[in-house]
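Here is target.csv, consisting of CSV, C-alpha atoms:
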chain,number,residue,atom,x,y,z
A,366,MET,CA,-25.1,29.2,1.1
A,367,GLN,CA,-25.2,30.3,4.7
A,368,HIS,CA,-26.1,28.6,7.9
A,369,HIS,CA,-27.5,29.6,11.2
A,370,ARG,CA,-26.5,28.1,14.5
A,371,HIS,CA,-29.3,26.9,16.8
A,372,LEU,CA,-28.4,25.0,19.9
A,373,GLY,CA,-29.7,21.5,19.4
A,374,TRP,CA,-31.2,22.1,16.0
A,375,PRO,CA,-28.7,23.8,13.6
A,376,VAL,CA,-30.2,24.5,10.2
A,377,SER,CA,-28.4,25.0,6.9
A,378,HIS,CA,-30.3,27.3,4.5
A,379,GLY,CA,-29.7,27.3,0.7
A,380,PHE,CA,-30.3,30.0,-1.8
A,381,LYS,CA,-29.9,30.4,-5.5
A,382,VAL,CA,-28.8,33.7,-7.1
A,383,ALA,CA,-30.4,35.3,-10.1
A,384,ILE,CA,-29.6,38.9,-11.3
A,385,GLY,CA,-28.2,39.6,-7.8
A,386,THR,CA,-31.3,38.5,-5.8
A,387,LEU,CA,-31.7,35.4,-3.6
A,388,ALA,CA,-34.5,32.8,-3.8
A,389,SER,CA,-34.9,29.8,-1.5
A,390,LEU,CA,-34.0,26.4,-3.0
A,391,ALA,CA,-36.6,23.7,-3.4
A,392,GLN,CA,-35.3,22.3,-0.1
A,393,ALA,CA,-35.1,25.5,1.8
A,394,TYR,CA,-33.2,24.1,4.9
A,395,LEU,CA,-31.7,20.9,6.2
A,396,ASN,CA,-31.7,19.9,9.9
A,397,VAL,CA,-28.4,18.6,11.2
A,398,SER,CA,-27.7,16.6,14.4
A,399,VAL,CA,-25.1,18.9,15.9
A,400,SER,CA,-24.7,22.3,17.4
A,401,ALA,CA,-23.0,23.6,14.2
A,402,TRP,CA,-20.0,25.9,14.2
A,403,GLY,CA,-18.5,27.9,11.4
A,404,PRO,CA,-19.5,28.1,7.7
A,405,LEU,CA,-19.9,25.2,5.3
A,406,ALA,CA,-16.6,24.2,3.7
A,407,ILE,CA,-17.1,23.3,0.0
A,408,ASP,CA,-14.5,21.2,-1.9
A,409,PRO,CA,-13.0,22.7,-5.1
A,410,SER,CA,-15.1,20.4,-7.4
A,411,GLY,CA,-18.3,21.9,-5.8
A,412,ARG,CA,-19.6,18.4,-5.2
A,413,TYR,CA,-19.2,18.0,-1.4
A,414,ALA,CA,-19.7,20.2,1.7
A,415,TYR,CA,-18.6,19.8,5.3
A,416,LEU,CA,-19.9,21.3,8.5
A,417,PRO,CA,-18.1,20.9,11.9
A,418,GLY,CA,-20.1,20.8,15.2
A,419,ALA,CA,-20.3,19.7,18.8
A,420,THR,CA,-22.5,16.9,20.2
A,421,SER,CA,-24.2,16.6,23.6
A,422,ALA,CA,-21.6,14.0,24.5
A,423,PRO,CA,-17.8,14.7,24.8
A,424,GLY,CA,-16.2,15.1,21.4
A,425,GLY,CA,-17.4,16.6,18.1
A,426,LEU,CA,-18.1,15.6,14.5
A,427,VAL,CA,-18.2,16.8,11.0
A,428,SER,CA,-21.4,16.4,8.9
A,429,GLN,CA,-20.6,15.6,5.3
A,430,PHE,CA,-22.9,16.2,2.3
A,431,SER,CA,-23.1,15.9,-1.4
A,432,ILE,CA,-24.2,19.0,-3.3
A,433,ASN,CA,-26.9,18.2,-5.9
A,434,SER,CA,-27.2,19.8,-9.3
A,435,ASP,CA,-30.0,22.1,-8.0
A,436,GLY,CA,-27.8,23.3,-5.1
A,437,THR,CA,-29.5,21.3,-2.3
A,438,LEU,CA,-27.6,19.1,0.1
A,439,THR,CA,-27.9,15.3,0.7
A,440,PRO,CA,-26.1,13.7,3.7
A,441,LEU,CA,-23.4,11.2,2.6
A,442,THR,CA,-23.2,7.7,4.0
A,443,PRO,CA,-22.1,7.8,6.8
A,444,ALA,CA,-23.6,11.3,7.4
A,445,THR,CA,-21.0,12.3,10.0
A,446,VAL,CA,-17.4,11.5,10.9
A,447,ALA,CA,-16.0,11.8,14.4
A,448,ALA,CA,-13.8,14.8,15.4
A,449,THR,CA,-12.4,16.1,18.6
A,450,GLN,CA,-14.3,18.4,20.9
A,451,GLY,CA,-14.3,22.0,20.0
A,452,ALA,CA,-14.3,21.5,16.2
A,453,VAL,CA,-14.8,25.0,14.8
A,454,ALA,CA,-13.8,25.0,11.1
A,455,VAL,CA,-12.9,22.8,8.1
A,456,THR,CA,-10.4,23.9,5.4
A,457,ILE,CA,-10.2,22.0,2.1
A,458,SER,CA,-6.8,21.8,0.2
A,459,PRO,CA,-6.8,23.2,-3.3
A,460,SER,CA,-6.3,19.6,-4.6
A,461,GLY,CA,-9.6,18.5,-3.0
A,462,GLN,CA,-7.8,15.5,-1.5
A,463,THR,CA,-7.5,16.7,2.1
A,464,ALA,CA,-9.7,18.3,4.6
A,465,TYR,CA,-8.2,19.9,7.8
A,466,VAL,CA,-10.5,20.0,10.8
A,467,ILE,CA,-9.6,22.8,13.2
A,468,SER,CA,-10.5,22.4,16.9
A,469,THR,CA,-10.0,24.5,20.1
A,470,CYS,CA,-9.1,23.5,23.6
A,471,ILE,CA,-9.0,19.7,23.0
A,472,ASP,CA,-7.3,18.7,26.3
A,473,THR,CA,-6.5,19.8,29.9
A,474,ALA,CA,-3.7,22.1,28.6
A,475,CYS,CA,-6.3,23.7,26.2
A,476,ASP,CA,-4.3,22.9,23.1
A,477,GLY,CA,-5.7,23.8,19.7
A,478,GLN,CA,-5.5,21.1,17.1
A,479,ILE,CA,-5.4,20.6,13.3
A,480,GLU,CA,-6.3,17.2,12.1
A,481,PRO,CA,-6.1,16.2,8.4
A,482,TYR,CA,-8.6,13.9,6.8
A,483,THR,CA,-8.4,12.3,3.3
A,484,ILE,CA,-11.4,13.0,1.1
A,485,GLY,CA,-12.5,9.8,-0.6
A,486,ALA,CA,-13.8,9.4,-4.2
A,487,ASN,CA,-17.3,9.5,-2.8
A,488,GLY,CA,-16.6,12.6,-0.6
A,489,THR,CA,-16.4,10.9,2.7
A,490,LEU,CA,-13.6,11.8,5.2
A,491,THR,CA,-11.1,9.5,6.8
A,492,PRO,CA,-8.7,10.7,9.5
A,493,THR,CA,-5.0,10.3,8.7
A,494,GLY,CA,-3.8,10.4,12.3
A,495,ALA,CA,-1.2,13.1,11.5
A,496,VAL,CA,-2.5,15.5,14.3
A,497,THR,CA,-0.8,18.8,14.9
A,498,LEU,CA,-1.2,20.6,18.2
A,499,THR,CA,-1.0,24.4,18.2
A,500,GLY,CA,0.2,24.8,21.8
A,501,ALA,CA,-1.5,25.5,25.2
A,502,HIS,CA,-4.2,28.2,25.2
A,503,VAL,CA,-3.8,28.8,21.5
A,504,ASN,CA,-7.4,29.0,20.1
A,505,PRO,CA,-7.6,28.5,16.3
A,506,VAL,CA,-10.1,30.7,14.5
A,507,ASP,CA,-9.6,29.9,10.8
A,508,MET,CA,-7.1,28.4,8.4
A,509,VAL,CA,-6.4,29.0,4.7
A,510,THR,CA,-4.0,27.4,2.2
A,511,ASP,CA,-1.8,29.1,-0.3
A,512,GLY,CA,-2.4,28.6,-4.0
A,513,SER,CA,0.0,25.8,-4.3
A,514,GLY,CA,-1.5,23.8,-1.4
A,515,SER,CA,2.0,23.4,0.0
A,516,ASN,CA,1.5,25.8,2.9
A,517,VAL,CA,-1.3,26.6,5.4
A,518,PHE,CA,-1.8,29.7,7.6
A,519,LEU,CA,-3.7,29.3,10.8
A,520,LEU,CA,-5.3,32.4,12.4
A,521,ALA,CA,-5.5,32.0,16.2
A,522,ASN,CA,-5.7,33.8,19.5
A,523,ALA,CA,-3.3,33.1,22.3
A,524,MET,CA,-5.3,33.4,25.6
A,525,GLY,CA,-3.6,35.4,28.3
A,526,VAL,CA,-4.6,36.7,31.8
A,527,ASP,CA,-5.6,40.1,30.6
A,528,THR,CA,-5.6,39.8,26.8
A,529,ASN,CA,-6.0,37.6,23.7
A,530,ALA,CA,-3.2,38.1,21.3
A,531,GLY,CA,-3.9,37.3,17.7
A,532,ALA,CA,-1.3,35.7,15.4
A,533,VAL,CA,-1.0,33.9,12.1
A,534,TYR,CA,0.8,30.6,12.4
A,535,GLN,CA,2.5,29.3,9.3
A,536,TYR,CA,3.1,25.7,8.3
A,537,ALA,CA,4.5,23.8,5.4
A,538,ILE,CA,2.9,20.5,4.3
A,539,ASP,CA,5.3,17.6,4.0
A,540,SER,CA,5.1,14.6,1.6
A,541,MET,CA,3.0,12.6,4.2
A,542,GLY,CA,0.5,15.4,4.6
A,543,ARG,CA,1.8,16.5,8.0
A,544,LEU,CA,2.1,20.1,9.0
A,545,VAL,CA,5.6,21.4,9.8
A,546,ALA,CA,6.0,24.7,11.6
A,547,ASP,CA,7.9,27.3,9.6
A,548,THR,CA,10.4,29.8,10.9
A,549,PRO,CA,9.3,32.1,12.3
A,550,ALA,CA,6.4,30.0,13.6
A,551,SER,CA,4.0,32.9,13.7
A,552,LEU,CA,3.5,36.6,13.0
A,553,THR,CA,1.3,38.8,15.2
A,554,VAL,CA,-1.8,40.6,14.1
A,555,ALA,CA,-2.8,44.0,15.4
A,556,SER,CA,-5.5,42.8,17.8
A,557,GLY,CA,-7.8,39.9,18.5
A,558,ALA,CA,-8.0,37.5,15.5
A,559,VAL,CA,-11.4,37.3,13.7
A,560,ALA,CA,-11.0,36.1,10.0
A,561,GLU,CA,-8.5,35.7,7.2
A,562,SER,CA,-8.5,35.3,3.5
A,563,THR,CA,-6.0,35.1,0.6
A,564,ASN,CA,-5.9,36.8,-2.8
A,565,GLY,CA,-3.1,35.4,-5.0
A,566,SER,CA,0.2,36.0,-3.2
A,567,ASN,CA,-1.5,38.1,-0.5
A,568,LEU,CA,-3.0,37.2,2.9
A,569,TYR,CA,-5.3,39.5,4.9
A,570,ALA,CA,-6.1,39.0,8.6
A,571,LEU,CA,-9.1,40.8,10.2
A,572,SER,CA,-8.8,41.6,13.9
A,573,ALA,CA,-11.0,43.3,16.5
A,574,ASN,CA,-9.8,45.5,19.4
A,575,ALA,CA,-12.6,44.2,21.6
A,576,ILE,CA,-11.4,40.6,21.3
A,577,GLY,CA,-7.9,41.6,22.4
A,578,PHE,CA,-8.9,43.2,25.7
A,579,ALA,CA,-10.3,41.6,28.8
A,580,SER,CA,-12.5,44.6,29.5
A,581,GLY,CA,-13.4,48.0,28.1
A,582,LEU,CA,-14.4,46.7,24.7
A,583,PRO,CA,-12.6,49.4,22.6
A,584,PRO,CA,-14.3,49.9,19.2
A,585,GLY,CA,-12.7,49.2,15.9
A,586,GLY,CA,-10.1,46.8,14.5
A,587,HIS,CA,-7.5,46.2,11.8
A,588,ILE,CA,-6.8,44.4,8.5
A,589,ASP,CA,-3.2,43.2,8.4
A,590,HIS,CA,-1.7,42.6,5.0
A,591,TYR,CA,1.0,40.0,4.4
A,592,ALA,CA,2.8,38.9,1.3
A,593,ILE,CA,3.2,35.2,0.7
A,594,GLY,CA,6.7,34.5,-0.5
A,595,SER,CA,7.8,31.9,-3.0
A,596,GLY,CA,8.6,29.5,-0.2
A,597,GLY,CA,5.2,30.1,1.5
A,598,LEU,CA,6.6,32.4,4.2
A,599,LEU,CA,4.7,35.5,5.2
A,600,THR,CA,6.1,39.0,5.2
A,601,ALA,CA,4.2,41.8,6.9
A,602,VAL,CA,3.3,44.6,4.4
A,603,GLY,CA,1.0,47.0,6.3
A,604,THR,CA,-2.1,47.5,8.5
A,605,THR,CA,-5.4,49.3,7.8
A,606,THR,CA,-7.6,50.5,10.6
A,607,VAL,CA,-11.2,49.4,10.6
A,608,ALA,CA,-13.7,51.8,12.1
A,609,ALA,CA,-16.6,49.3,12.7
A,610,SER,CA,-17.4,48.9,16.4
A,611,LEU,CA,-16.8,45.2,16.3
A,612,PRO,CA,-15.6,43.7,13.0
A,613,THR,CA,-16.9,40.1,12.6
A,614,SER,CA,-16.2,39.0,9.1
A,615,MET,CA,-14.5,39.9,5.8
A,616,THR,CA,-15.0,39.2,2.2
A,617,LEU,CA,-12.6,39.9,-0.7
A,618,VAL,CA,-14.1,41.0,-4.0
A,619,VAL,CA,-11.8,40.3,-6.9
A,620,ALA,CA,-12.5,42.2,-10.1
A,621,HIS,CA,-12.4,40.2,-13.3
Do you think you could lay out the structure here as structure tokens?
Amino acid sequence: MQHHRHLGWPVSHGFKVAIGTLASLAQAYLNVSVSAWGPLAIDPSGRYAYLPGATSAPGGLVSQFSINSDGTLTPLTPATVAATQGAVAVTISPSGQTAYVISTCIDTACDGQIEPYTIGANGTLTPTGAVTLTGAHVNPVDMVTDGSGSNVFLLANAMGVDTNAGAVYQYAIDSMGRLVADTPASLTVASGAVAESTNGSNLYALSANAIGFASGLPPGGHIDHYAIGSGGLLTAVGTTTVAASLPTSMTLVVAH
């Protein structure tokens, strides 16, 4: 599934895949009531999907859906749950019990925020209240979990006067579901943060030079490789240069 953002009328489009080609589902698209942001987040069971977005009033929300057997979406009841302004992404824990809503610039200090929600038996979200602030002018981009679900890695850009510095912030998840900053709290990425993904005990962070500079828009970017240790801590392994003029996304293809 993929979605397109349209200010006022975001639309989520669904496709089925057969022998490598795409065909529209019976319900080709679904209108949603927000200015959507980020991709659909799908829980590990494949039964529910979540889409963050902004409303015309202050604040934001997350649209929540069930995924039907034919791949189409049906809004849950209620269809949305409140979130802070600037909600940009949802990350689901491997257990399927927790959804983390990531937001940018939620207050006058322009703090980023991670807010966990419990996922009920019917797929609906309930906030836990265990909010984590990332720090002033730290703009979250994406967040992933390790395979154990005991650690999360937040990709973010720290806004400066002349540059945006990308970094991966690492947290442990305590017994109450709260995020606890690890030591060190973050590791830098080569340029402005764009996307991240994990593959087993490896994490890859994509960055773009143009995002890291206030002007000039230099082409290209990097993929930084980190090893995820047994305690969930990251160790930098190496960096690969990306020649694309402005890298925007990354997909890992795992051979079976």
- Message: I'd like the neighbourhood of Ala550 in chain A as a ChimeraX atom specification, where a residue qualifies if any of its atoms comes within 7 Å (using only C-alpha atoms), though same-chain residues fewer than 4 positions away should be ignored.
- Response: /A:534-535,546
I'd like the neighbourhood of Gly594 in chain A as a CSV table (one decimal) with C-alpha atoms, in the coordinates of the input, where a residue qualifies if any of its atoms comes within 10 Å (using all atoms listed in the file), though same-chain residues fewer than 6 positions away should be ignored.
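What ended up in around-v4.csv:
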chain,number,residue,atom,x,y,z
A,566,SER,CA,0.2,36.0,-3.2
A,567,ASN,CA,-1.5,38.1,-0.5
A,600,THR,CA,6.1,39.0,5.2
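CA of Val559 in chain A lies 18.9 Å from CA of Ala592 in chain A.
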- Message: Please return as a count of residues only every residue within 7 Å of (-19.2, 27.7, 8.3), taking into account all atoms listed in the file and the file's own coordinates.
- Response: 8
- In Å, how far is it from CA of Ala609 in chain A to CA of Ala573 in chain A? 9.0 Å
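Counting from CA of Ala530 in chain A, the distance to CA of Val503 in chain A is 9.3 Å.
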